[in-house]
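Note: the block below is input-v6.txt and it holds compact mmCIF, C-alpha atoms.
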# COMPACT_ATOMS: atom_id res chain seq x y z
CA MET A 1 52.56 13.54 20.39
CA LYS A 2 50.90 10.49 21.98
CA LYS A 3 49.29 12.73 24.59
CA VAL A 4 47.95 15.03 21.87
CA LEU A 5 46.50 12.10 19.94
CA LYS A 6 44.95 10.76 23.13
CA VAL A 7 43.28 14.11 23.84
CA ILE A 8 41.98 14.31 20.28
CA GLY A 9 40.65 10.77 20.58
CA ILE A 10 38.83 11.62 23.80
CA VAL A 11 37.30 14.74 22.23
CA VAL A 12 36.15 12.82 19.16
CA LEU A 13 34.70 10.03 21.31
CA ALA A 14 32.85 12.55 23.47
CA VAL A 15 31.32 14.20 20.40
CA ILE A 16 30.27 10.82 18.97
CA VAL A 17 28.65 9.89 22.29
CA LEU A 18 26.85 13.24 22.28
CA ILE A 19 25.51 12.55 18.79
CA ALA A 20 24.33 9.10 19.91
CA VAL A 21 22.48 10.65 22.85
CA LEU A 22 20.91 13.21 20.52
CA LEU A 23 19.87 10.45 18.13
CA PHE A 24 18.12 8.52 20.90
CA TRP A 25 16.42 11.64 22.24
CA LEU A 26 15.22 12.78 18.83
CA SER A 27 13.88 9.33 17.98
CA LYS A 28 11.46 9.52 20.91
CA ARG A 29 9.69 12.78 20.06
CA PRO A 30 8.27 14.75 17.10
CA SER A 31 10.92 17.03 15.71
CA VAL A 32 8.69 20.01 14.90
CA PRO A 33 5.57 21.06 16.87
CA GLU A 34 2.42 21.15 14.77
CA LYS A 35 1.71 24.79 15.70
CA TYR A 36 5.26 26.12 15.81
CA THR A 37 4.31 28.99 13.48
CA GLU A 38 2.12 30.34 16.30
CA GLN A 39 4.62 29.67 19.09
CA VAL A 40 8.09 30.78 17.93
CA PRO A 41 8.90 34.36 19.06
CA THR A 42 9.86 36.77 16.30
CA GLY A 43 11.97 39.92 16.43
CA GLY A 44 11.01 41.65 13.21
CA GLY A 45 8.06 42.28 10.92
CA LEU A 46 9.47 40.29 8.03
CA GLU A 47 10.38 37.36 10.23
CA ALA A 48 6.83 37.35 11.59
CA LYS A 49 5.28 37.62 8.13
CA TYR A 50 7.16 34.67 6.69
CA LEU A 51 6.84 32.53 9.80
CA ALA A 52 3.05 32.75 9.53
CA MET A 53 1.24 30.30 7.27
CA GLY A 54 0.97 31.31 3.63
CA THR A 55 -2.20 31.64 1.59
CA HIS A 56 -2.27 28.18 -0.01
CA GLU A 57 -4.09 25.13 1.25
CA VAL A 58 -1.74 22.14 1.25
CA SER A 59 -2.02 18.59 -0.07
CA TYR A 60 0.21 15.54 0.34
CA PHE A 61 1.55 12.88 -2.00
CA GLU A 62 4.00 10.05 -1.37
CA SER A 63 5.64 7.41 -3.48
CA ALA A 64 7.52 4.30 -2.36
CA THR A 65 11.04 3.66 -3.61
CA LEU A 66 13.45 0.73 -3.39
CA ASN A 67 16.19 3.06 -2.17
CA SER A 68 17.28 3.06 1.48
CA PHE A 69 15.23 6.18 2.16
CA GLN A 70 12.00 4.23 1.59
CA LYS A 71 9.75 6.88 0.05
CA TYR A 72 9.38 10.39 -1.34
CA GLU A 73 7.18 12.66 0.77
CA ILE A 74 5.79 15.64 -1.14
CA TYR A 75 3.70 18.54 0.14
CA TYR A 76 2.33 20.99 -2.39
CA PRO A 77 -0.29 23.77 -2.83
CA SER A 78 -3.69 22.20 -3.35
CA ASP A 79 -4.40 24.58 -6.24
CA ILE A 80 -1.36 23.36 -8.16
CA ASP A 81 -3.51 22.52 -11.19
CA GLN A 82 -4.46 26.19 -11.54
CA SER A 83 -1.00 27.65 -11.13
CA ARG A 84 2.14 28.33 -13.08
CA PRO A 85 5.00 25.85 -12.50
CA LEU A 86 5.97 26.03 -8.83
CA PRO A 87 9.45 26.30 -7.26
CA VAL A 88 10.81 23.47 -5.13
CA VAL A 89 12.45 23.14 -1.72
CA VAL A 90 14.29 19.86 -1.04
CA PHE A 91 14.62 18.88 2.64
CA VAL A 92 17.69 16.91 3.78
CA ASN A 93 17.30 14.96 7.01
CA GLY A 94 19.28 15.43 10.20
CA THR A 95 20.40 12.60 12.44
CA GLY A 96 17.36 10.67 13.65
CA VAL A 97 14.99 13.16 11.98
CA LYS A 98 13.23 11.55 9.01
CA GLY A 99 10.84 13.50 6.82
CA SER A 100 7.87 11.93 8.60
CA LYS A 101 9.00 13.67 11.81
CA TYR A 102 8.63 17.23 10.49
CA PRO A 103 5.47 17.44 8.32
CA ALA A 104 4.60 20.81 9.88
CA LEU A 105 7.77 22.29 8.43
CA GLN A 106 6.95 21.08 4.93
CA LYS A 107 3.32 22.17 5.19
CA HIS A 108 4.41 25.67 6.14
CA MET A 109 6.76 25.97 3.18
CA ALA A 110 4.16 24.55 0.80
CA SER A 111 1.60 27.10 2.03
CA TRP A 112 3.87 29.79 0.56
CA GLY A 113 3.62 28.32 -2.93
CA PHE A 114 6.44 25.75 -2.95
CA ILE A 115 6.52 22.07 -3.77
CA THR A 116 8.50 20.42 -0.98
CA ILE A 117 10.04 16.97 -0.94
CA ALA A 118 11.67 14.88 1.80
CA THR A 119 12.50 11.23 2.43
CA GLU A 120 13.03 8.78 5.28
CA GLU A 121 16.81 8.82 4.79
CA GLU A 122 18.81 8.25 8.00
CA TYR A 123 22.28 8.90 6.57
CA ALA A 124 21.83 11.99 4.43
CA TRP A 125 25.28 13.54 4.82
CA ASN A 126 26.42 12.72 1.27
CA GLY A 127 23.50 14.46 -0.46
CA PHE A 128 22.45 11.33 -2.37
CA SER A 129 18.84 11.33 -1.17
CA ALA A 130 18.54 14.99 -2.22
CA GLU A 131 19.96 14.07 -5.64
CA MET A 132 17.36 11.33 -6.03
CA CYS A 133 14.59 13.75 -5.03
CA VAL A 134 15.62 16.03 -7.90
CA ARG A 135 15.71 13.12 -10.33
CA TYR A 136 12.27 11.98 -9.20
CA LEU A 137 10.77 15.46 -9.56
CA THR A 138 12.25 15.67 -13.06
CA VAL A 139 10.43 12.48 -13.99
CA LEU A 140 7.16 13.69 -12.45
CA ASN A 141 7.38 16.96 -14.32
CA ARG A 142 8.19 15.59 -17.76
CA TYR A 143 6.29 12.34 -18.17
CA GLN A 144 2.58 11.62 -18.21
CA GLU A 145 1.68 7.95 -18.35
CA ASP A 146 -1.36 7.03 -20.42
CA GLY A 147 -4.43 6.55 -18.28
CA LYS A 148 -2.74 7.70 -15.08
CA GLU A 149 -3.19 11.06 -13.39
CA ASN A 150 -0.01 12.96 -12.52
CA ILE A 151 -0.87 16.23 -10.79
CA PHE A 152 2.77 17.36 -11.08
CA TYR A 153 3.05 17.00 -14.85
CA GLY A 154 4.36 20.31 -16.20
CA ARG A 155 3.83 22.01 -12.82
CA ILE A 156 7.35 21.83 -11.34
CA ASP A 157 9.69 24.76 -11.93
CA LEU A 158 12.99 22.96 -12.38
CA GLU A 159 14.72 26.31 -12.88
CA ASN A 160 14.02 27.32 -9.28
CA ILE A 161 15.03 24.63 -6.81
CA GLY A 162 16.27 25.28 -3.28
CA ILE A 163 17.56 22.97 -0.58
CA THR A 164 17.68 23.02 3.21
CA GLY A 165 19.09 20.67 5.82
CA HIS A 166 19.56 20.56 9.58
CA SER A 167 22.47 18.99 11.50
CA GLN A 168 23.73 16.02 9.44
CA GLY A 169 21.40 17.34 6.75
CA GLY A 170 23.45 20.53 6.57
CA THR A 171 26.44 18.49 5.45
CA GLY A 172 24.10 16.79 3.00
CA VAL A 173 23.17 20.20 1.61
CA ILE A 174 26.82 21.08 0.96
CA ASN A 175 27.43 17.78 -0.81
CA ALA A 176 24.18 17.99 -2.79
CA ILE A 177 25.09 21.41 -4.20
CA THR A 178 28.76 20.63 -4.83
CA ASP A 179 29.29 16.90 -5.42
CA GLN A 180 26.13 15.31 -6.83
CA ARG A 181 25.15 15.09 -10.51
CA HIS A 182 22.57 17.88 -10.27
CA ALA A 183 24.74 20.12 -8.08
CA ASP A 184 24.30 23.06 -10.44
CA ILE A 185 20.51 22.94 -10.40
CA TYR A 186 20.13 24.57 -6.99
CA LYS A 187 19.43 28.32 -6.87
CA ALA A 188 19.52 28.74 -3.07
CA ALA A 189 20.53 26.76 0.00
CA VAL A 190 20.10 26.85 3.79
CA ILE A 191 22.36 25.11 6.30
CA LEU A 192 20.98 24.81 9.84
CA SER A 193 23.10 23.87 12.88
CA SER A 194 25.77 22.24 10.78
CA GLY A 195 29.03 22.79 8.96
CA GLY A 196 32.50 23.98 9.79
CA ASN A 197 33.39 21.41 12.45
CA LYS A 198 36.11 19.65 10.47
CA LEU A 199 37.26 17.51 13.41
CA LEU A 200 33.81 16.01 13.79
CA SER A 201 33.35 15.58 10.04
CA GLN A 202 36.67 13.80 9.70
CA ALA A 203 35.87 11.51 12.62
CA LEU A 204 32.57 10.54 11.00
CA MET A 205 34.09 10.46 7.48
CA TRP A 206 31.54 13.01 6.30
CA ASP A 207 33.67 14.66 3.64
CA TYR A 208 32.63 17.92 1.99
CA ASP A 209 34.20 20.91 0.26
CA GLU A 210 32.55 24.23 1.04
CA THR A 211 34.87 26.06 -1.38
CA LYS A 212 32.81 24.60 -4.25
CA ILE A 213 29.56 26.20 -3.11
CA HIS A 214 28.08 28.30 -5.92
CA ALA A 215 24.49 28.95 -4.82
CA PRO A 216 23.38 31.70 -2.43
CA VAL A 217 23.58 30.15 1.03
CA MET A 218 22.32 31.05 4.49
CA MET A 219 23.89 29.42 7.55
CA MET A 220 22.10 29.52 10.89
CA ALA A 221 22.95 27.94 14.22
CA ALA A 222 21.92 28.26 17.87
CA THR A 223 23.79 29.44 20.95
CA GLY A 224 22.32 26.86 23.33
CA ASP A 225 23.25 23.34 24.48
CA ALA A 226 24.72 21.04 21.82
CA ASP A 227 25.16 23.63 19.10
CA VAL A 228 27.96 25.25 21.09
CA GLY A 229 29.93 22.01 20.72
CA LEU A 230 28.64 20.75 17.40
CA VAL A 231 28.77 24.11 15.59
CA PRO A 232 31.29 26.34 17.41
CA LEU A 233 31.14 30.00 16.44
CA GLU A 234 34.71 30.05 15.16
CA ASP A 235 34.02 27.06 12.90
CA LEU A 236 30.83 28.63 11.55
CA GLN A 237 32.74 31.83 10.84
CA ALA A 238 35.45 29.82 9.07
CA LEU A 239 32.80 28.11 6.94
CA PHE A 240 31.42 31.52 5.99
CA GLN A 241 34.87 32.72 5.01
CA HIS A 242 35.71 29.62 2.96
CA ILE A 243 32.66 29.99 0.73
CA PRO A 244 33.76 31.85 -2.41
CA ASP A 245 33.55 35.64 -2.30
CA ASP A 246 31.33 35.82 -5.38
CA VAL A 247 28.54 33.91 -3.60
CA THR A 248 25.76 35.65 -1.67
CA LYS A 249 25.98 34.36 1.90
CA VAL A 250 24.40 35.06 5.27
CA MET A 251 25.36 33.82 8.72
CA ALA A 252 23.53 34.25 12.03
CA ARG A 253 23.01 32.47 15.35
CA ARG A 254 19.67 32.30 17.15
CA LYS A 255 20.01 33.11 20.83
CA ASP A 256 19.25 30.75 23.70
CA ILE A 257 17.68 27.81 21.90
CA GLY A 258 18.86 24.23 21.42
CA HIS A 259 20.22 22.19 18.55
CA GLY A 260 16.91 20.50 17.74
CA GLU A 261 14.91 23.72 18.01
CA MET A 262 17.03 25.36 15.33
CA LEU A 263 15.29 23.10 12.80
CA TYR A 264 12.22 25.34 12.99
CA TYR A 265 13.04 28.46 15.04
CA GLY A 266 14.72 30.07 12.05
CA ASP A 267 11.90 29.21 9.65
CA GLY A 268 10.68 32.77 9.23
CA TYR A 269 13.97 33.74 7.63
CA VAL A 270 14.39 30.39 5.87
CA THR A 271 11.06 30.97 4.12
CA ALA A 272 12.00 34.57 3.32
CA TRP A 273 15.31 33.34 1.87
CA PHE A 274 13.57 30.99 -0.54
CA MET A 275 10.85 33.52 -1.35
CA TRP A 276 13.58 35.94 -2.38
CA HIS A 277 15.74 33.59 -4.42
CA LEU A 278 13.10 31.26 -5.88
CA GLN A 279 10.05 33.51 -6.22
CA GLY A 280 11.67 36.91 -6.69
CA ASP A 281 9.95 38.42 -3.63
CA VAL A 282 11.58 41.85 -3.21
CA GLU A 283 10.03 42.36 0.22
CA ALA A 284 11.56 39.13 1.50
CA ALA A 285 14.94 40.31 0.24
CA LYS A 286 14.81 43.24 2.68
CA ALA A 287 15.45 40.79 5.50
CA PHE A 288 18.98 40.30 4.14
CA VAL A 289 19.91 43.18 1.84
CA GLY A 290 21.41 46.53 2.77
CA ASN A 291 22.65 48.21 5.94
CA ASN A 292 19.14 48.03 7.37
CA ALA A 293 18.61 44.33 6.67
CA GLU A 294 16.18 43.12 9.30
CA ILE A 295 18.21 40.12 10.37
CA LEU A 296 21.05 42.45 11.42
CA THR A 297 18.93 44.18 14.06
CA ASN A 298 16.71 41.29 15.15
CA PRO A 299 17.21 40.97 18.93
CA PHE A 300 16.85 37.18 18.79
CA TYR A 301 20.00 36.82 16.65
CA GLN A 302 23.71 37.50 17.08
CA ASP A 303 27.02 37.09 15.22
CA GLN A 304 25.41 38.13 11.91
CA GLN A 305 27.48 38.42 8.76
CA ILE A 306 26.15 39.24 5.29
CA ALA A 307 27.82 39.35 1.89
CA VAL A 308 25.31 40.01 -0.89
CA LYS A 309 26.53 39.70 -4.48

What do you get writing this file as structure tokens?
Amino acid sequence: MKKVLKVIGIVVLAVIVLIAVLLFWLSKRPSVPEKYTEQVPTGGGLEAKYLAMGTHEVSYFESATLNSFQKYEIYYPSDIDQSRPLPVVVFVNGTGVKGSKYPALQKHMASWGFITIATEEEYAWNGFSAEMCVRYLTVLNRYQEDGKENIFYGRIDLENIGITGHSQGGTGVINAITDQRHADIYKAAVILSSGGNKLLSQALMWDYDETKIHAPVMMMAATGDADVGLVPLEDLQALFQHIPDDVTKVMARRKDIGHGEMLYYGDGYVTAWFMWHLQGDVEAAKAFVGNNAEILTNPFYQDQQIAVK
């Protein structure tokens, strides 16, 4: 028994060291290239369509907060004052990857007609920063102070909110949609390069319960470098199986890219996922629905599983 515990301790220590190395590496470089939408290879027409920039020009708004995550960072379509209420995508940060390190990702999503919101949270695993984003958007949408302009007043579709997170942020997504006060508000979720590795989660005390997931969820990981250790295939498959059978769920792994790259390499399908569930885009749904779902035959992906309810 002592030998077994020693081996487990060594494995846990090695994983923690790996995370520390990743944290240092990520802190020294931008997390998402500015022109990634022009650089990421695509393996299907729908993936290519939704990876490209949308039709909206994009504007930016930020607001300071006394919380640990420092500020809310919002990207939105510049023509918001001429539109119907717009759906929302909440971004949950990965380890060492604050919102200010991936503006290109938010700009892309906003160009497709979404309001996006992120923070500078460094410890997002519990979903609290995502919860506070929802609360803040609720305030922006419902209250107009006398004499002060609020471009978001009445323009946020609180009935159509999605959430996405990479790495530690993926755990944050699970907790946001299962354990926070507004857990039931989310209509769709995306988990990138995260989830299923219970040994790692227990070592870090990042508790979550995937059996409580109720919203349609897509899980994507990579086959290269750290993802093989951080998100083993068997653990990702177990996560897929543990999500209730009455929930629409998709799983796939992107071939031959790294842990950090998964943050944006899957963005064509991430955008399609939210277009389907939050904007009712029937063309986007074809990427995931039916025997001919595009993601099933995309040569850049493997280990696909789909259960559409």

Which centre and which edge lengths, in Å to one decimal, describe the axis-aligned box that holds all listed atoms of segment 229-246 of chain A after 4 Å is added on each side, as lines of an AutoDock Vina configuration file?
center_x = 32.2
center_y = 28.3
center_z = 7.7
size_x = 15.1
size_y = 23.1
size_z = 34.1

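For the choices A:Phe128, A:Tyr60, A:Trp276, A:Tyr269, the atom-to-atom distance to Ala252 of chain A is smallest for A:Tyr269 when using all atoms listed in the file.
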
Neighbouring residues of Phe300 of chain A were defined as those with any atom within 12 Å, considering all atoms listed in the file; residues of the same chain fewer than 5 positions away were excluded. Please report them as a short mmCIF file (atom, residue, chain, number, x, y, z; two decimals) with C-alpha atoms, in the coordinates of the input.
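Saved the output as out.cif:
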data_model
loop_
_atom_site.label_atom_id
_atom_site.label_comp_id
_atom_site.auth_asym_id
_atom_site.auth_seq_id
_atom_site.Cartn_x
_atom_site.Cartn_y
_atom_site.Cartn_z
CA VAL A 40 8.09 30.78 17.93
CA PRO A 41 8.90 34.36 19.06
CA THR A 42 9.86 36.77 16.30
CA GLY A 43 11.97 39.92 16.43
CA GLY A 44 11.01 41.65 13.21
CA GLU A 47 10.38 37.36 10.23
CA ALA A 221 22.95 27.94 14.22
CA ALA A 222 21.92 28.26 17.87
CA THR A 223 23.79 29.44 20.95
CA ALA A 252 23.53 34.25 12.03
CA ARG A 253 23.01 32.47 15.35
CA ARG A 254 19.67 32.30 17.15
CA LYS A 255 20.01 33.11 20.83
CA ASP A 256 19.25 30.75 23.70
CA ILE A 257 17.68 27.81 21.90
CA TYR A 265 13.04 28.46 15.04
CA GLY A 266 14.72 30.07 12.05
CA GLU A 294 16.18 43.12 9.30
CA ILE A 295 18.21 40.12 10.37
#

(message) Ranking A:Ala284, A:Val217, A:Ala130, A:Val97 by minimum distance to Ile243 of chain A and counting only C-alpha atoms, which one comes first?
(response) A:Val217

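One distance worth recording is that between atom CA of Gln241 of chain A and atom CA of Glu261 of chain A, which is 25.5 Å.
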
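Straight-line separation from atom CA of Asp225 of chain A to atom CA of Ala307 of chain A: 28.1 Å.
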
(request) Go through A:Tyr264, A:Tyr186, A:Phe69, A:Tyr75 and flag the residue nearest Ser129 of chain A, using only C-alpha atoms for the distances. (result) A:Phe69

(message) So the first atom is atom CA of Val247 of chain A and the second is atom CA of Ile163 of chain A; what is the distance between them in Å, to one decimal place?
(response) 15.8 Å

Neighbours of Val90 of chain A within 8 Å (only C-alpha atoms; same-chain residues fewer than 2 positions away dropped), as a tab-separated table (two decimals) with C-alpha atoms, in the frame of the given file?
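And here's result-v1.tsv as it stands now:
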chain	number	residue	atom	x	y	z
A	88	VAL	CA	10.81	23.47	-5.13
A	92	VAL	CA	17.69	16.91	3.78
A	116	THR	CA	8.50	20.42	-0.98
A	117	ILE	CA	10.04	16.97	-0.94
A	118	ALA	CA	11.67	14.88	1.80
A	130	ALA	CA	18.54	14.99	-2.22
A	133	CYS	CA	14.59	13.75	-5.03
A	134	VAL	CA	15.62	16.03	-7.90
A	161	ILE	CA	15.03	24.63	-6.81
A	162	GLY	CA	16.27	25.28	-3.28
A	163	ILE	CA	17.56	22.97	-0.58
A	164	THR	CA	17.68	23.02	3.21

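Using only C-alpha atoms, the smallest distance between any of A:Met275, A:Val139, A:Ile80, A:Leu66 and Met109 of chain A comes from A:Met275.
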
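Ranking A:Leu199, A:Leu204, A:Ala124, A:Ala238 by their shortest atom-to-atom distance to Ile174 of chain A, with all atoms listed in the file included, puts A:Ala124 first.
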
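The residue that comes closest to Ser100 of chain A, out of A:Tyr153, A:Tyr72, A:Phe114, A:Tyr36 and on the basis of all atoms listed in the file, is A:Tyr72.
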
(message) Give me the residues near Asp227 of chain A as an NGL selection string, where near means some atom within 12 Å (using all atoms listed in the file) and where sequence neighbours in that chain fewer than 2 positions away do not count.
(response) :A and (15 or 18-19 or 22 or 166-167 or 192-197 or 220-225 or 229-233 or 235-236 or 253-263)

(request) Name the residues in contact with His56 of chain A at a cut-off of 12 Å, using all atoms listed in the file, excluding same-chain residues fewer than 2 positions from it; report them as a PyMOL selection string. (result) chain A and resi 52-54+58-59+75-80+82-83+107-115

Serialized selection, C-alpha atoms, as a CSV table (one decimal), in the frame of the given file:
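Saved the output as out-v6.csv:
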chain,number,residue,atom,x,y,z
A,52,ALA,CA,3.0,32.8,9.5
A,53,MET,CA,1.2,30.3,7.3
A,54,GLY,CA,1.0,31.3,3.6
A,58,VAL,CA,-1.7,22.1,1.2
A,59,SER,CA,-2.0,18.6,-0.1
A,75,TYR,CA,3.7,18.5,0.1
A,76,TYR,CA,2.3,21.0,-2.4
A,77,PRO,CA,-0.3,23.8,-2.8
A,78,SER,CA,-3.7,22.2,-3.4
A,79,ASP,CA,-4.4,24.6,-6.2
A,80,ILE,CA,-1.4,23.4,-8.2
A,82,GLN,CA,-4.5,26.2,-11.5
A,83,SER,CA,-1.0,27.6,-11.1
A,107,LYS,CA,3.3,22.2,5.2
A,108,HIS,CA,4.4,25.7,6.1
A,109,MET,CA,6.8,26.0,3.2
A,110,ALA,CA,4.2,24.6,0.8
A,111,SER,CA,1.6,27.1,2.0
A,112,TRP,CA,3.9,29.8,0.6
A,113,GLY,CA,3.6,28.3,-2.9
A,114,PHE,CA,6.4,25.8,-3.0
A,115,ILE,CA,6.5,22.1,-3.8

(message) Give me the residues near Gly280 of chain A as a count of residues only, where near means some atom within 12 Å (using all atoms listed in the file) and where sequence neighbours in that chain fewer than 4 positions away do not count.
(response) 12
